[in-house]
Structure formats: structure tokens, C-alpha cells
Amino acid sequence: MIRQDIPFLRLRFCAALLALGILLPASLAGCGAQAGNAPDPGAATTPSGTVTVFAAASLKATFTELARTFEAEYPGTHVALSFAGSSDLAGQLSQGAPADVFASADTANMKKVQDAGLADGPPKDFATNTLAIAVPPGNPAGIASLQDLARPGIKLVTCARQVPCGAATAKVAQAAGLTLNPVSEENAVTDVLGKVTSGEADAGLVYGTDITAAGSSAKGIPFPEAAGAVNTYPIAGVATGRNKATARAFLSLVIGPEGQQVLAAAGFGPAGEGAGSK
């Protein structure tokens with residue numbers, strides 16, 4: 001019968017010999033090796049290898065730029081980006097999908113990840129975003145306000161309610177006393193914008209940053225009611241991630257001056273500007 005406690009007893013024996021001065025510190029490596037301890041890839045302190053980042057769809061342009069910056073600053077690293085609706089990403093993490101970093105478009109989906117024990121430390125808020133109405137070039141339906149979206153015959157597209165932009169849409173509509181009847185509800189804000197730019201919709205409720213990224217493909221119409229549902233974006237490492245050092249370095253880039261400059265240029269507001277979507 002094999003004694004399962006032999007490695008533990010050997011370590012205690014080695015520690016006792018060291019305390020008595022019988023075993024030299026340099027010899028401890030042999031004791032540790034016999035204990036069968038495998039190296040922990042997450043214990044490294046220098047960024048290296050691949051870091052997998054799950055990020056909200058509205059972060060696609062900015063995080064793609066930041067990934068290139070990160071790889072240039074840390075040669076030998078690679079940022080693998082996965083974009084989708086925050087609720088979809090949170091669900092994937094809870095089902096065991098491998099990732100090192102999660103950036104959500106709201107605090108509610110980050111809390112789901114925290115409650116599941118999957119956040120590696122407290123999340124850090126790094127940006128805010130505000131809804132705007134997106135219409136095709138020329139605005140053929142003559143949309144000018146949030147109230148216009150409730151007009152009969154308007155082909156409106158919104159995010160599904162479980163998605164951060166959908167939760168914000170529901171909040172502003174309720175506050176304004178409006179009943180919106182979208183012809184389609186999408187799982188990612190980029191899909192809403194796609195329906196508008198392709199001409200399938202008269203209007204869509206997206207973030208101001210998405211309209212900025214769309215350039216001449218869409219026109220943005222701000223509306224005052226959006227100030228009541230500003231989304232706060234939190235970011236955190238993933239507790240089950242395998243590349244902790246590189247994840248921490250990427251988080252530092254996002255929340256640091258360089259990352260904040262890229263986000264501001266894309267139209268994101270600074271963290272703390274809004275109450276978040278809870």
C-alpha cells in the first residue's frame with residue numbers, strides 16, 4: 001500500500017533539518033521536487049504568452065486598438081479577443097469557458113460573474129457610455145426624438161432586455177412613459193447598428209460610441225432622457241484564468257492613461273460619470 005502522506009512528511013523532515021542547520025538552503029530544491037509540486041503558470045510576474053479577453057461588443061474598436069498596443073509593448077504576447085453581448089459572455093464564463101479578463105458593459109453582468117466566484121479581485125470601473133438613436137444616412141423616417149420611436153410604422157430595433165443596452169433602453173422608455181415596439185431585439189449592440197446601417201431599420205437604440213465608430217454609415221441623434229441610464233463599464237481578471245500576470249498587465253493598460261485616452265477618443269465617458277446599469 002502506498003502512503004499518500006509521504007511527500008508531506010518528507011517536506012516536514014527537510015524543514016526540520018534546515019532549522020537545525022543540517023540541510024543547506026540550496027538543497028531544498030531537491031526536497032521540493034520530490035514532493036511533486038508542479039510549477040504554477042499563473043505565478044509568473046512578467047507578461048508573456050496569450051491572454052484571452054472577453055469584452056462587450058461595444059468595446060470592439062477600442063479593445064482591438066489596445067490589443068495591438070499591448071502586443072507592441074510586450075513582445076511575445078498575444079491578446080485573443082472575444083466580443084459578444086455582456087450577458088452572453090457572463091453565461092459562457094459560468095459554463096467554464098476559458099478566459100483571463102472580462103470587460104462588461106454594465107455592472108449587473110459583472111456581478112453575476114462575481115457571485116459565481118469567477119472574478120479575480122474587485123472589478124474596476126473604467127468607462128461609461130450613453131444611449132443615442134442611430135438612423136440611416138439622410139434619416140428617411142424623420143426621427144428627431146425618443147418619442148418619435150413610438151410612432152406607428154417606425155421600424156425600430158433595440159437590444160434584448162438582458163443585454164446592457166437593452167436594460168438601458170427599457171429604463172429610459174419607462175421613465176419617459178413610452179411603450180416601444182421594436183421589430184427586432186438583438187443580443188449585441190453591434191447587431192442593432194448593423195440593422196440600421198443595412199437599411200433594415202428606421203432607427204436603433206445603441207451607444208454613442210457605436211455611432212462614432214460607424215462613421216458615415218449612420219447618423220446619431222442624442223436625446224436628453226439617455227442621461228437617466230448611463231452604463232458603467234467594469235473590468236476584472238477571471239479567477240480561473242491561466243495567465244494572471246499578463247491579465248493584470250492588460251487591465252493596467254485599460255485603466256491607465258493610455259487606455260483612457262483611447263476610450264475617450266472613441267466617445268466613452270470616464271468612470272464614475274454615471275450611476276451604471278444595475
# chains A, B, ... in the order shown; residues from 1 in each chain; ligands from 1
>>> residues_around(residues="stretch 250-252 of chain A", least_positions_apart="6", cutoff="9 Å", atoms="only C-alpha atoms", output="CSV table (one decimal) with C-alpha atoms, in the first residue's frame")
chain,number,residue,atom,x,y,z
A,47,PRO,CA,3.6,39.3,-19.2
A,51,VAL,CA,-4.2,36.4,-22.7
A,66,LEU,CA,-5.5,48.4,-27.2
A,67,ALA,CA,-4.6,44.8,-28.0
A,70,PHE,CA,-0.3,45.8,-25.6
A,79,VAL,CA,-4.3,39.2,-27.0
A,101,VAL,CA,-10.1,39.0,-18.5
A,124,LYS,CA,-12.5,48.3,-11.6
A,235,ILE,CA,-13.3,45.1,-15.9
A,236,ALA,CA,-11.7,42.2,-13.9
A,237,GLY,CA,-9.4,39.3,-14.2
A,259,GLY,CA,-6.2,53.1,-22.3
>>> closest_residue(among="A:Leu81, A:Ala132, A:Ala108, A:Ala170", to="A:Glu65", atoms="only C-alpha atoms")
A:Leu81
>>> select_by_dssp(residues="stretch 98-265 of chain A", states="alpha helix (DSSP H)", output="number ranges by chain")
A: 107-115, 164-176, 189-197, 208-214, 244-255, 257-265
>>> closest_residue(among="A:Ser94, A:Thr46, A:Thr232, A:Thr64", to="A:Gln114", atoms="only C-alpha atoms")
A:Ser94
>>> closest_residue(among="A:Ala144, A:Ala97, A:Ala167, A:Ala213", to="A:Leu263", atoms="only C-alpha atoms")
A:Ala213
>>> residues_around(residues="A:Ala56", least_positions_apart="5", cutoff="9 Å", atoms="only C-alpha atoms", output="MDAnalysis selection string")
chainID A and resid 82:87 89 102:105 188:189
>>> write_last_selection(atoms="N, CA and C atoms", output="short mmCIF file (atom, residue, chain, number, x, y, z; two decimals), in the first residue's frame")
data_model
loop_
_atom_site.label_atom_id
_atom_site.label_comp_id
_atom_site.auth_asym_id
_atom_site.auth_seq_id
_atom_site.Cartn_x
_atom_site.Cartn_y
_atom_site.Cartn_z
N SER A 82 -12.52 38.17 -27.63
CA SER A 82 -13.81 37.57 -27.92
C SER A 82 -14.89 38.58 -27.56
N PHE A 83 -15.64 39.05 -28.56
CA PHE A 83 -16.66 40.08 -28.34
C PHE A 83 -18.06 39.49 -28.48
N ALA A 84 -18.94 39.91 -27.59
CA ALA A 84 -20.34 39.49 -27.64
C ALA A 84 -21.11 40.35 -26.64
N GLY A 85 -22.41 40.11 -26.53
CA GLY A 85 -23.18 40.79 -25.50
C GLY A 85 -22.68 40.40 -24.13
N SER A 86 -22.68 41.33 -23.19
CA SER A 86 -22.14 41.05 -21.86
C SER A 86 -22.84 39.88 -21.18
N SER A 87 -24.14 39.76 -21.37
CA SER A 87 -24.88 38.65 -20.75
C SER A 87 -24.44 37.31 -21.33
N LEU A 89 -21.45 36.65 -22.58
CA LEU A 89 -20.10 36.39 -22.10
C LEU A 89 -20.12 35.91 -20.65
N PHE A 102 -12.40 39.81 -18.16
CA PHE A 102 -13.78 40.06 -18.56
C PHE A 102 -14.07 41.54 -18.42
N ALA A 103 -14.52 42.16 -19.50
CA ALA A 103 -14.91 43.57 -19.50
C ALA A 103 -16.39 43.63 -19.89
N SER A 104 -17.21 44.09 -18.97
CA SER A 104 -18.66 44.12 -19.18
C SER A 104 -19.14 45.53 -19.49
N ALA A 105 -20.27 45.63 -20.17
CA ALA A 105 -20.85 46.93 -20.47
C ALA A 105 -21.81 47.38 -19.38
N ALA A 188 -26.63 41.78 -29.17
CA ALA A 188 -25.42 42.61 -29.11
C ALA A 188 -25.73 43.96 -29.76
N VAL A 189 -25.17 45.01 -29.20
CA VAL A 189 -25.45 46.35 -29.71
C VAL A 189 -24.94 46.52 -31.14
#
>>> residues_around(residues="A:Lys171", least_positions_apart="3", cutoff="12 Å", atoms="only C-alpha atoms", output="ChimeraX atom specification")
/A:131,161,164-168,174-180,225-231,276-278
>>> write_last_selection(atoms="N, CA and C atoms", output="CSV table (one decimal), in the first residue's frame")
chain,number,residue,atom,x,y,z
A,131,LEU,N,-26.7,56.0,-24.2
A,131,LEU,CA,-27.5,55.7,-25.4
A,131,LEU,C,-27.7,56.9,-26.4
A,161,ARG,N,-33.6,42.8,-23.6
A,161,ARG,CA,-33.6,43.4,-22.3
A,161,ARG,C,-32.4,42.9,-21.4
A,164,PRO,N,-27.0,44.8,-21.7
A,164,PRO,CA,-26.9,46.1,-21.1
A,164,PRO,C,-27.6,47.3,-21.8
A,165,CYS,N,-27.4,47.3,-23.2
A,165,CYS,CA,-28.0,48.4,-23.9
A,165,CYS,C,-29.6,48.2,-23.9
A,166,GLY,N,-30.0,47.0,-23.8
A,166,GLY,CA,-31.5,46.7,-23.7
A,166,GLY,C,-32.0,47.1,-22.4
A,167,ALA,N,-31.3,46.9,-21.3
A,167,ALA,CA,-31.7,47.3,-20.0
A,167,ALA,C,-31.8,48.8,-19.9
A,168,ALA,N,-30.8,49.5,-20.5
A,168,ALA,CA,-30.8,50.9,-20.5
A,168,ALA,C,-32.0,51.5,-21.3
A,174,GLN,N,-39.3,53.6,-19.8
A,174,GLN,CA,-40.2,53.6,-18.7
A,174,GLN,C,-40.3,55.0,-18.1
A,175,ALA,N,-39.1,55.6,-17.9
A,175,ALA,CA,-39.0,56.9,-17.3
A,175,ALA,C,-39.8,58.0,-18.2
A,176,ALA,N,-39.8,57.7,-19.5
A,176,ALA,CA,-40.5,58.7,-20.4
A,176,ALA,C,-41.9,58.3,-20.6
A,177,GLY,N,-42.4,57.2,-20.0
A,177,GLY,CA,-43.8,56.8,-20.2
A,177,GLY,C,-44.1,56.3,-21.6
A,178,LEU,N,-43.1,55.8,-22.3
A,178,LEU,CA,-43.2,55.3,-23.7
A,178,LEU,C,-43.3,53.8,-23.7
A,179,THR,N,-44.1,53.3,-24.7
A,179,THR,CA,-44.1,51.9,-25.0
A,179,THR,C,-43.5,51.7,-26.4
A,180,LEU,N,-42.3,51.1,-26.4
A,180,LEU,CA,-41.6,50.9,-27.6
A,180,LEU,C,-42.0,49.5,-28.2
A,225,GLU,N,-33.2,62.1,-22.4
A,225,GLU,CA,-33.6,61.0,-21.5
A,225,GLU,C,-32.5,60.0,-21.2
A,226,ALA,N,-31.6,60.0,-22.2
A,226,ALA,CA,-30.5,59.0,-22.0
A,226,ALA,C,-29.6,59.2,-20.8
A,227,ALA,N,-29.6,60.4,-20.3
A,227,ALA,CA,-28.8,60.8,-19.1
A,227,ALA,C,-29.3,60.0,-17.9
A,228,GLY,N,-30.5,59.5,-17.9
A,228,GLY,CA,-31.0,58.7,-16.8
A,228,GLY,C,-30.6,57.2,-16.8
A,229,ALA,N,-29.8,56.8,-17.8
A,229,ALA,CA,-29.5,55.4,-17.8
A,229,ALA,C,-28.1,55.3,-18.4
A,230,VAL,N,-27.1,55.9,-17.8
A,230,VAL,CA,-25.7,55.8,-18.2
A,230,VAL,C,-25.1,54.5,-17.7
A,231,ASN,N,-24.5,53.8,-18.7
A,231,ASN,CA,-23.9,52.5,-18.3
A,231,ASN,C,-22.5,52.6,-17.8
A,276,GLY,N,-24.5,53.7,-13.6
A,276,GLY,CA,-24.4,52.4,-14.0
A,276,GLY,C,-25.7,51.8,-14.3
A,277,SER,N,-25.7,50.5,-14.7
A,277,SER,CA,-27.0,49.8,-15.1
A,277,SER,C,-27.1,48.6,-14.2
A,278,LYS,N,-27.8,48.7,-13.1
A,278,LYS,CA,-27.8,47.7,-12.1
A,278,LYS,C,-29.2,47.0,-12.0
>>> residues_around(residues="A:Leu193", least_positions_apart="5", cutoff="8 Å", atoms="only C-alpha atoms", output="list in words")
Ala134, Gly204, Val206, Asp210 and Ile211 of chain A
>>> residues_around(residues="A:Ala239", least_positions_apart="2", cutoff="8 Å", atoms="only C-alpha atoms", output="PyMOL selection string")
chain A and resi 100+117-121+237+241
>>> residues_around(residues="A:Ser216", least_positions_apart="4", cutoff="12 Å", atoms="only C-alpha atoms", output="short mmCIF file (atom, residue, chain, number, x, y, z; two decimals) with N, CA and C atoms, in the first residue's frame")
data_model
loop_
_atom_site.label_atom_id
_atom_site.label_comp_id
_atom_site.auth_asym_id
_atom_site.auth_seq_id
_atom_site.Cartn_x
_atom_site.Cartn_y
_atom_site.Cartn_z
N ALA A 134 -29.66 55.77 -33.43
CA ALA A 134 -28.95 55.63 -34.70
C ALA A 134 -29.96 55.54 -35.82
N VAL A 135 -29.75 56.32 -36.87
CA VAL A 135 -30.63 56.28 -38.05
C VAL A 135 -29.76 56.17 -39.30
N PRO A 136 -30.31 55.68 -40.40
CA PRO A 136 -29.52 55.61 -41.64
C PRO A 136 -29.18 57.01 -42.15
N PRO A 137 -28.18 57.13 -42.99
CA PRO A 137 -27.84 58.43 -43.57
C PRO A 137 -29.08 59.06 -44.24
N GLY A 138 -29.28 60.33 -44.00
CA GLY A 138 -30.44 61.01 -44.56
C GLY A 138 -31.66 60.94 -43.67
N THR A 197 -27.57 50.34 -40.36
CA THR A 197 -26.69 50.69 -41.48
C THR A 197 -27.04 49.93 -42.76
N ASP A 210 -20.92 53.64 -30.58
CA ASP A 210 -21.16 52.82 -31.77
C ASP A 210 -21.42 53.70 -32.99
N ILE A 211 -22.11 54.80 -32.78
CA ILE A 211 -22.37 55.73 -33.88
C ILE A 211 -21.07 56.38 -34.34
N THR A 212 -20.22 56.73 -33.38
CA THR A 212 -18.92 57.30 -33.73
C THR A 212 -18.13 56.32 -34.58
N GLY A 220 -26.18 59.88 -35.73
CA GLY A 220 -26.60 59.79 -34.35
C GLY A 220 -27.48 60.93 -33.92
#
